[in-house]
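The structure appears below as structure tokens.
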Amino acid sequence: MWGVSTLTMLVLAGILPDFRLQSADGDSATRIAVTAAFGAGAFGLLSALVWPLLVRLLLLVPALVLGLLVFFLNGALLVLALRLNPAEQGDAAPETAVVVAAVMSAVASATGAALAVRDDDAYRRRLYRLADRRRRSGPAAPMTPGTVFIQLDGVGHDVLLDAVGKGVMPTVARWLGVSETDGETDGGNYGGNDGESAVGGAAAGRKATHRLTPWHTDWSSQTGASQLGILHGSNHDVPAFRWYEKDRGEVMVCNRPTSAAELQRRAVQATGDGGLLTLDGASRGNLFSGGADELALVLSIATRRRSRETRSRAGYFAYFSDPANSVRTAMSFVAEVGREMGESTRTRFRKVRPRVRRGGLYPFIRAFATVVERDVVVASVSGDLLAGRTAVYADLVAYDEVAHHSGPMSRDAEKVLERLDRSLALIENVADHAPRPYRIVVLSDHGQSPGETFRTRYGLTLGDLVRAGSGLPVPRRARRTHSGAEARAAVRAALRRPVEEGREQYRPSRPAEPVVLASGNLGLVSFPDVPHRMTKEEIDARHPALLATLANHPGIGFLLVRSESHGGVVLGPFGAEIPLDELDENPGPLADFGPGAAAAVRRTHSFPHTADIMVNSWYDPAEGEVLAFEEQIGSHGGLGGAQGRPFVLSPLVLSAPVEGGTELVGAEHIHRVLRRWLREPDGPQVPVEAQPERRAA
């Protein structure tokens with residue numbers, strides 16, 4: 001690596017006019033080479049010794065700003081390295097030093113990675129050194145196996161199978177015992193019994209280590225509801241991604257730190273349990289803490305006062321303390337921005353449909369989710385494994401963010417899955433060198449359903465339709481609805497900017513006007529001037545045309561409202577009105593949404609903060625398409641299609657998630673399964689009874 005860095009410095013000195021390695025009078029080739037070697041060596045030593053100290057001093061700097069400072073700090077180290085040369089022959093202009101340092105760091109990083117890949121022994125020695133350092137700095141890790149849960153946000157069960165069949169995710173294919181020829185032969189269309197996908201196995205000529213099991217989300221098929229249920233055991237009273245609470249006069253938004261903290265508090269109060277990770281756990285990149293002591297990039301604590309225990313920037317420090325990592329991530333960030341701009345331009349020129357706007361800040365938000373957040377979370381998980389932590393739960397949001405804007409089955413989304421598979425392989429390699437054995441569980445919180453937006457198809461938003469049905473004036477032009485993708489809140493939290501979604505006007509200008517909110521293809525209509533949940537009879541008396549306008553619109557699948565005579569009813573086109581307790585015999589407008597739809601609707605009806613009118617979009621069971629009320633062509637949040645069918649990929653050494661043909665239904669069921677796995681004989685002995693949450697000071 002020293003030799004490559006020396007050659008790089010010589011090449012740059014020949015190219016850049018403001019960078020020299022010789023005196024003004026000229027020097028021999030030997031002296032120039034010696035100067036380059038000395039400069040490269042000094043720069044490498046300074047980077048290794050000084051850079052971690054600089055990053056620790058800059059912990060208060062926002063993460064993305066720190067990423068930009070990498071270039072300038074590296075340039076300063078290069079100038080210092082040249083000045084340390086006893087012959088004082090090297091020199092560089094400040095702006096040139098930044099370029100030289102960036103190129104040298106990138107080359108060093110690439111060289112190190114190439115050497116590690118080509119030499120397995122060198123790679124193992126590096127991991128052993130890291131593991132030994134962790135063991136020396138902390139207590140000895142127990143020999144019982146730990147468990148790491150990796151959440152691939154938004155990846156549906158069928159999307160995963162399709163990626164395995166196409167050879168996009170070789171690591172997952174190997175775990176499932178699928179050979180490349182299997183994927184090429186049948187396209188990944190594997191099936192099994194007892195609610196599981198029996199993939200590969202003996203027929204593939206490769207021994208499987210994991211089983212793949214689909215599960216069904218609640219009506220609110222989005223990260224807030226799913227992850228709250230998975231980590232804390234209760235997602236009761238989470239009817240959507242965003243909803244209006246009349247008793248508090250406030251809109252709750254799952255990816256807003258204040259709302260996430262309140263939802264976590266309610267779940268802990270309801271269960272009496274701190275969460276899945278209360279026993280020596282770590283929570284990385286999640287909306288909620290799960291009761292973990294070790295937290296990084298966790299949204300529910302983003303509003304807390306930072307302390308050594310709660311500083312969510314530990315993940316950033318762990319990653320950016322390596323200057324080569326910093327430069328590589330910064331350069332990958334720039335490349336991802338360019339890739340998004342190119343793909344967006346390509347779809348626009350080819351007039352690909354469906355399509356949404358992908359300009360403004362979106363390319364940078366996408367690059368943060370697919371590069372920065374991914375790299376930092378994977379590095380944090382690697383550190384947790386080498387530290388021997390008992391339970392780790394991490395969320396990778398890359399696919400979800402790209403699929404929202406490019407489509408769940410798009411080329412962009414497929415490339416993201418390929419990179420996520422490499423991240424799983426890296427975590428697996430680190431686990432092999434951890435001080436204790438680890439079981440790797442991969443799961444998703446929901447899927448995504450394709451389809452164009454409601455506004456694109458009909459030229460008006462759900463809010464416009466509600467206003468028309470209420471006899472209120474409708475704007476001449478339909479305004480775009482802000483996308484609620486999770487990565488936006490993560491970016492704002494990293495920059496320490498308020499995550500209040502200022503562009504959305506939740507509170508109407510007049511108290512009598514309805515509040516209309518969108519969560520993927522799920523809409524919520526509330527009347528803030530009425531303190532209780534309105535009944536169908538009250539809504540009809542106030543706005544006689546509203547419910548009929550919504551129920552008969554071709555873009556609406558069904559409505560849920562409270563009824564004075566039946567408790568709750570589902571409304572559909574042509575006057576369909578089915579009481580909730582009769583849905584099993586007569587599903588009516590729910591027939592196309594599958595057998596579990598009735599139970600999901602009944603459960604949401606029981607929530608205290610369910611909206612006055614719950615609106616689920618039209619769904620085409622043949623194509624699996626829905627109509628998003630947000631600006632997304634891959635959406636989730638309601639019923640219909642792949643959004644409600646995520647997966648659990650679990651090691652065979654763990655007990656089967658379900659037995660006897662039963663199905664996994666709801667995030668709370670997933671929590672019970674994961675807790676059971678943590679209690680199994682070969683794993684850490686997590687108490688069966690509830691554990692109080694351990695709160696940081």
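Going by the structure tokens order, chains are called A, B, ..., each with residues numbered from 1, while ligands are numbered from 1 in the order shown.
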
For stretch 434-436 of chain A, please output as a PDB file with all heavy atoms, in the first residue's frame all residues within 6 Å (counting only C-alpha atoms; exclusion window: fewer than 3 positions along the same chain).
```pdb
ATOM      1  N   MET A 143     -20.055 -17.567  25.778  1.00  0.00           N
ATOM      2  CA  MET A 143     -19.958 -18.484  24.648  1.00  0.00           C
ATOM      3  C   MET A 143     -21.324 -18.868  24.088  1.00  0.00           C
ATOM      4  O   MET A 143     -21.400 -19.525  23.064  1.00  0.00           O
ATOM      5  CB  MET A 143     -19.195 -19.747  25.061  1.00  0.00           C
ATOM      6  CG  MET A 143     -17.721 -19.477  25.360  1.00  0.00           C
ATOM      7  SD  MET A 143     -16.900 -18.487  24.066  1.00  0.00           S
ATOM      8  CE  MET A 143     -17.026 -19.599  22.676  1.00  0.00           C
ATOM      9  N   LEU A 385     -20.844  -6.834  16.781  1.00  0.00           N
ATOM     10  CA  LEU A 385     -20.482  -8.251  16.732  1.00  0.00           C
ATOM     11  C   LEU A 385     -19.106  -8.486  17.317  1.00  0.00           C
ATOM     12  O   LEU A 385     -18.892  -9.446  18.070  1.00  0.00           O
ATOM     13  CB  LEU A 385     -20.539  -8.749  15.282  1.00  0.00           C
ATOM     14  CG  LEU A 385     -21.898  -8.674  14.576  1.00  0.00           C
ATOM     15  CD1 LEU A 385     -21.794  -9.269  13.178  1.00  0.00           C
ATOM     16  CD2 LEU A 385     -22.974  -9.376  15.371  1.00  0.00           C
ATOM     17  N   LEU A 386     -18.165  -7.623  16.976  1.00  0.00           N
ATOM     18  CA  LEU A 386     -16.812  -7.785  17.506  1.00  0.00           C
ATOM     19  C   LEU A 386     -16.754  -7.496  18.996  1.00  0.00           C
ATOM     20  O   LEU A 386     -15.854  -7.966  19.693  1.00  0.00           O
ATOM     21  CB  LEU A 386     -15.851  -6.870  16.748  1.00  0.00           C
ATOM     22  CG  LEU A 386     -15.663  -7.210  15.262  1.00  0.00           C
ATOM     23  CD1 LEU A 386     -14.786  -6.181  14.576  1.00  0.00           C
ATOM     24  CD2 LEU A 386     -15.073  -8.609  15.105  1.00  0.00           C
ATOM     25  N   GLY A 388     -19.164  -8.491  20.922  1.00  0.00           N
ATOM     26  CA  GLY A 388     -19.839  -9.634  21.537  1.00  0.00           C
ATOM     27  C   GLY A 388     -21.178  -9.306  22.159  1.00  0.00           C
ATOM     28  O   GLY A 388     -21.586  -9.957  23.125  1.00  0.00           O
ATOM     29  N   ALA A 431     -19.162 -11.786  11.613  1.00  0.00           N
ATOM     30  CA  ALA A 431     -19.689 -12.706  12.623  1.00  0.00           C
ATOM     31  C   ALA A 431     -18.802 -13.935  12.783  1.00  0.00           C
ATOM     32  O   ALA A 431     -18.673 -14.480  13.889  1.00  0.00           O
ATOM     33  CB  ALA A 431     -21.110 -13.119  12.259  1.00  0.00           C
TER      34      ALA A 431
END
```

Quick one: of A:Thr461, A:Val466, A:Arg562, A:Met341, who's nearest to A:Phe607, counting only C-alpha atoms?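 Using only C-alpha atoms, A:Phe607 sits closest to A:Arg562.
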
List the spatial neighbours of A:Pro646 as a PyMOL selection string - criterion: any atom at most 10 Å away, only C-alpha atoms, same-chain residues fewer than 2 positions off excluded. chain A and resi 152-160+213-217+221+443-448+642-644+648

In terms of only C-alpha atoms, the residue from A:Ser650, A:Thr453, A:Ala36, A:Arg242 at minimal distance from A:Gly14 is A:Ala36

Would you compute the distance between atom CA of A:Ala667 and atom CA of A:Ala598? Give it in Å to one decimal. 16.8 Å

Residues near A:Ala403, anyone? I mean within 10 Å using only C-alpha atoms, not counting same-chain ones fewer than 4 positions away, as number ranges by chain. A: 154-155, 398-399, 407-414, 416, 447-450, 632-635

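Residues in contact with A:Asn552 at 10 Å, where only C-alpha atoms are counted and same-chain residues fewer than 2 positions away are skipped, are listed as Leu547, Ala548, Thr549, Leu550, Pro554, Gly555, Ile556, Gly557, Phe558, Leu571, Gly572, Pro573, Phe574, Gly575 and Ala576 of chain A.
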
As a PyMOL selection string, please: the residues near A:Leu583 (cut-off 10 Å, only C-alpha atoms, same-chain neighbours under 3 positions excluded). chain A and resi 569-570+578-580+586-591+595+597-599+601-602

Writer output for current selection, N, CA, C and O atoms, as a PDB file, in the first residue's frame:
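Final file, part_25.pdb:
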```
ATOM      1  N   VAL A 569     -68.858  -0.210  10.087  1.00  0.00           N
ATOM      2  CA  VAL A 569     -69.294  -0.736   8.793  1.00  0.00           C
ATOM      3  C   VAL A 569     -68.236  -0.438   7.741  1.00  0.00           C
ATOM      4  O   VAL A 569     -67.494   0.545   7.835  1.00  0.00           O
ATOM      5  N   VAL A 570     -68.165  -1.324   6.755  1.00  0.00           N
ATOM      6  CA  VAL A 570     -67.327  -1.122   5.579  1.00  0.00           C
ATOM      7  C   VAL A 570     -68.229  -0.699   4.439  1.00  0.00           C
ATOM      8  O   VAL A 570     -69.243  -1.357   4.163  1.00  0.00           O
ATOM      9  N   ILE A 578     -71.436  -3.151   4.742  1.00  0.00           N
ATOM     10  CA  ILE A 578     -71.298  -4.439   5.427  1.00  0.00           C
ATOM     11  C   ILE A 578     -70.854  -4.190   6.866  1.00  0.00           C
ATOM     12  O   ILE A 578     -69.784  -3.623   7.100  1.00  0.00           O
ATOM     13  N   PRO A 579     -71.644  -4.604   7.875  1.00  0.00           N
ATOM     14  CA  PRO A 579     -71.187  -4.509   9.264  1.00  0.00           C
ATOM     15  C   PRO A 579     -69.931  -5.344   9.485  1.00  0.00           C
ATOM     16  O   PRO A 579     -69.737  -6.389   8.839  1.00  0.00           O
ATOM     17  N   LEU A 580     -69.092  -4.908  10.386  1.00  0.00           N
ATOM     18  CA  LEU A 580     -67.805  -5.580  10.611  1.00  0.00           C
ATOM     19  C   LEU A 580     -67.984  -7.027  11.042  1.00  0.00           C
ATOM     20  O   LEU A 580     -67.179  -7.895  10.670  1.00  0.00           O
ATOM     21  N   ASN A 586     -69.713 -12.269   4.398  1.00  0.00           N
ATOM     22  CA  ASN A 586     -69.949 -11.414   3.241  1.00  0.00           C
ATOM     23  C   ASN A 586     -68.887 -10.317   3.202  1.00  0.00           C
ATOM     24  O   ASN A 586     -69.105  -9.216   3.724  1.00  0.00           O
ATOM     25  N   PRO A 587     -67.709 -10.596   2.609  1.00  0.00           N
ATOM     26  CA  PRO A 587     -66.629  -9.603   2.626  1.00  0.00           C
ATOM     27  C   PRO A 587     -66.932  -8.358   1.805  1.00  0.00           C
ATOM     28  O   PRO A 587     -66.301  -7.315   2.005  1.00  0.00           O
ATOM     29  N   GLY A 588     -67.874  -8.450   0.877  1.00  0.00           N
ATOM     30  CA  GLY A 588     -68.230  -7.275   0.086  1.00  0.00           C
ATOM     31  C   GLY A 588     -67.022  -6.668  -0.611  1.00  0.00           C
ATOM     32  O   GLY A 588     -66.286  -7.361  -1.322  1.00  0.00           O
ATOM     33  N   PRO A 589     -66.772  -5.355  -0.419  1.00  0.00           N
ATOM     34  CA  PRO A 589     -65.644  -4.705  -1.105  1.00  0.00           C
ATOM     35  C   PRO A 589     -64.280  -5.189  -0.635  1.00  0.00           C
ATOM     36  O   PRO A 589     -63.267  -4.870  -1.264  1.00  0.00           O
ATOM     37  N   LEU A 590     -64.234  -5.992   0.433  1.00  0.00           N
ATOM     38  CA  LEU A 590     -62.949  -6.525   0.913  1.00  0.00           C
ATOM     39  C   LEU A 590     -62.560  -7.822   0.212  1.00  0.00           C
ATOM     40  O   LEU A 590     -61.465  -8.345   0.462  1.00  0.00           O
ATOM     41  N   ALA A 591     -63.417  -8.348  -0.644  1.00  0.00           N
ATOM     42  CA  ALA A 591     -63.175  -9.664  -1.241  1.00  0.00           C
ATOM     43  C   ALA A 591     -61.852  -9.726  -1.991  1.00  0.00           C
ATOM     44  O   ALA A 591     -61.118 -10.728  -1.914  1.00  0.00           O
ATOM     45  N   PRO A 595     -58.148 -13.018   2.518  1.00  0.00           N
ATOM     46  CA  PRO A 595     -58.891 -13.497   3.685  1.00  0.00           C
ATOM     47  C   PRO A 595     -58.539 -12.794   4.990  1.00  0.00           C
ATOM     48  O   PRO A 595     -59.332 -12.802   5.918  1.00  0.00           O
ATOM     49  N   ALA A 597     -58.043  -9.579   5.408  1.00  0.00           N
ATOM     50  CA  ALA A 597     -58.406  -8.162   5.398  1.00  0.00           C
ATOM     51  C   ALA A 597     -59.444  -7.839   6.464  1.00  0.00           C
ATOM     52  O   ALA A 597     -59.367  -6.798   7.140  1.00  0.00           O
ATOM     53  N   ALA A 598     -60.432  -8.700   6.635  1.00  0.00           N
ATOM     54  CA  ALA A 598     -61.505  -8.413   7.590  1.00  0.00           C
ATOM     55  C   ALA A 598     -60.971  -8.290   9.010  1.00  0.00           C
ATOM     56  O   ALA A 598     -61.335  -7.363   9.750  1.00  0.00           O
ATOM     57  N   ALA A 599     -60.094  -9.209   9.408  1.00  0.00           N
ATOM     58  CA  ALA A 599     -59.530  -9.152  10.762  1.00  0.00           C
ATOM     59  C   ALA A 599     -58.695  -7.899  10.953  1.00  0.00           C
ATOM     60  O   ALA A 599     -58.726  -7.273  12.025  1.00  0.00           O
ATOM     61  N   VAL A 601     -59.061  -4.999   9.426  1.00  0.00           N
ATOM     62  CA  VAL A 601     -59.949  -3.841   9.511  1.00  0.00           C
ATOM     63  C   VAL A 601     -60.631  -3.789  10.870  1.00  0.00           C
ATOM     64  O   VAL A 601     -60.755  -2.720  11.486  1.00  0.00           O
ATOM     65  N   ARG A 602     -61.084  -4.929  11.364  1.00  0.00           N
ATOM     66  CA  ARG A 602     -61.736  -4.949  12.686  1.00  0.00           C
ATOM     67  C   ARG A 602     -60.781  -4.509  13.783  1.00  0.00           C
ATOM     68  O   ARG A 602     -61.178  -3.794  14.714  1.00  0.00           O
TER      69      ARG A 602
END
```

Distance query stretch 283-292 of chain A at most 7 Å, only C-alpha atoms, self and fewer than 4 positions along chain excluded, as a list in words: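 Here the answer would be Leu228, Leu231, His232, Asn255, Ala260, Gln264, Gly274, Gly275, Leu276, Leu277, Thr278, Ala296, Leu297, Val298, Leu299, Ser300, Val377, Val392, Tyr393, Ala394, Asp395, Glu693 and Arg694 of chain A.
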
Mind the document's chain letters and residue numbers, and return as a PyMOL selection string the residues of stretch 212-425 of chain A that DSSP labels strand (DSSP E). chain A and resi 212-216+242-245+250-253+281-284+294-296+391-396

Please produce a file of those selected residues containing N, CA and C atoms, as a tab-separated table (two decimals), in the first residue's frame.
```tsv
chain	number	residue	atom	x	y	z
A	212	LEU	N	-37.08	-19.56	4.81
A	212	LEU	CA	-37.77	-18.33	4.44
A	212	LEU	C	-39.25	-18.46	4.73
A	213	THR	N	-39.78	-17.54	5.52
A	213	THR	CA	-41.17	-17.59	5.94
A	213	THR	C	-41.84	-16.25	5.67
A	214	PRO	N	-42.94	-16.21	4.93
A	214	PRO	CA	-43.66	-14.95	4.75
A	214	PRO	C	-44.51	-14.65	5.99
A	215	TRP	N	-44.85	-13.38	6.17
A	215	TRP	CA	-45.80	-13.02	7.21
A	215	TRP	C	-46.69	-11.89	6.71
A	216	HIS	N	-47.79	-11.65	7.39
A	216	HIS	CA	-48.78	-10.66	6.97
A	216	HIS	C	-48.78	-9.49	7.94
A	242	ARG	N	-49.33	8.38	9.45
A	242	ARG	CA	-49.66	9.67	10.08
A	242	ARG	C	-51.16	9.72	10.34
A	243	TRP	N	-51.54	10.29	11.47
A	243	TRP	CA	-52.96	10.38	11.81
A	243	TRP	C	-53.16	11.55	12.77
A	244	TYR	N	-54.41	12.02	12.80
A	244	TYR	CA	-54.76	13.17	13.64
A	244	TYR	C	-55.39	12.67	14.93
A	245	GLU	N	-54.87	13.16	16.08
A	245	GLU	CA	-55.40	12.79	17.39
A	245	GLU	C	-56.21	13.97	17.92
A	250	GLU	N	-53.23	17.15	17.61
A	250	GLU	CA	-51.90	17.01	17.01
A	250	GLU	C	-51.89	15.88	15.99
A	251	VAL	N	-51.10	16.08	14.96
A	251	VAL	CA	-50.87	15.02	13.97
A	251	VAL	C	-49.65	14.22	14.39
A	252	MET	N	-49.82	12.92	14.51
A	252	MET	CA	-48.72	12.02	14.80
A	252	MET	C	-48.13	11.54	13.49
A	253	VAL	N	-46.79	11.56	13.39
A	253	VAL	CA	-46.09	11.10	12.20
A	253	VAL	C	-45.00	10.14	12.67
A	281	GLY	N	-28.42	-5.22	24.50
A	281	GLY	CA	-28.79	-5.06	23.11
A	281	GLY	C	-28.26	-3.79	22.48
A	282	ALA	N	-28.33	-3.74	21.16
A	282	ALA	CA	-27.92	-2.57	20.38
A	282	ALA	C	-28.97	-2.31	19.31
A	283	SER	N	-29.37	-1.05	19.15
A	283	SER	CA	-30.35	-0.64	18.16
A	283	SER	C	-29.69	0.32	17.19
A	284	ARG	N	-29.69	-0.01	15.91
A	284	ARG	CA	-28.96	0.76	14.90
A	284	ARG	C	-29.87	1.13	13.73
A	294	GLU	N	-27.23	0.37	23.83
A	294	GLU	CA	-26.37	0.92	22.79
A	294	GLU	C	-27.24	1.41	21.63
A	295	LEU	N	-27.19	2.71	21.37
A	295	LEU	CA	-28.08	3.32	20.38
A	295	LEU	C	-27.28	4.14	19.39
A	296	ALA	N	-27.62	4.00	18.12
A	296	ALA	CA	-27.01	4.82	17.08
A	296	ALA	C	-28.02	5.00	15.96
A	391	ALA	N	-27.76	-9.08	21.56
A	391	ALA	CA	-28.81	-8.94	20.54
A	391	ALA	C	-28.64	-7.60	19.84
A	392	VAL	N	-28.67	-7.63	18.51
A	392	VAL	CA	-28.51	-6.42	17.70
A	392	VAL	C	-29.66	-6.38	16.70
A	393	TYR	N	-30.29	-5.21	16.56
A	393	TYR	CA	-31.34	-5.02	15.57
A	393	TYR	C	-31.00	-3.78	14.76
A	394	ALA	N	-30.91	-3.94	13.45
A	394	ALA	CA	-30.52	-2.84	12.57
A	394	ALA	C	-31.45	-2.76	11.38
A	395	ASP	N	-31.72	-1.55	10.93
A	395	ASP	CA	-32.61	-1.31	9.80
A	395	ASP	C	-31.82	-0.68	8.66
A	396	LEU	N	-31.91	-1.27	7.47
A	396	LEU	CA	-31.30	-0.72	6.26
A	396	LEU	C	-32.43	-0.24	5.35
```

Rank nothing, just name the residue among A:Ile670, A:Leu627, A:Ala106, A:Ala93 nearest to A:Ser5, using only C-alpha atoms.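 Of A:Ile670, A:Leu627, A:Ala106, A:Ala93, the one nearest A:Ser5, counting only C-alpha atoms, is A:Ala106.
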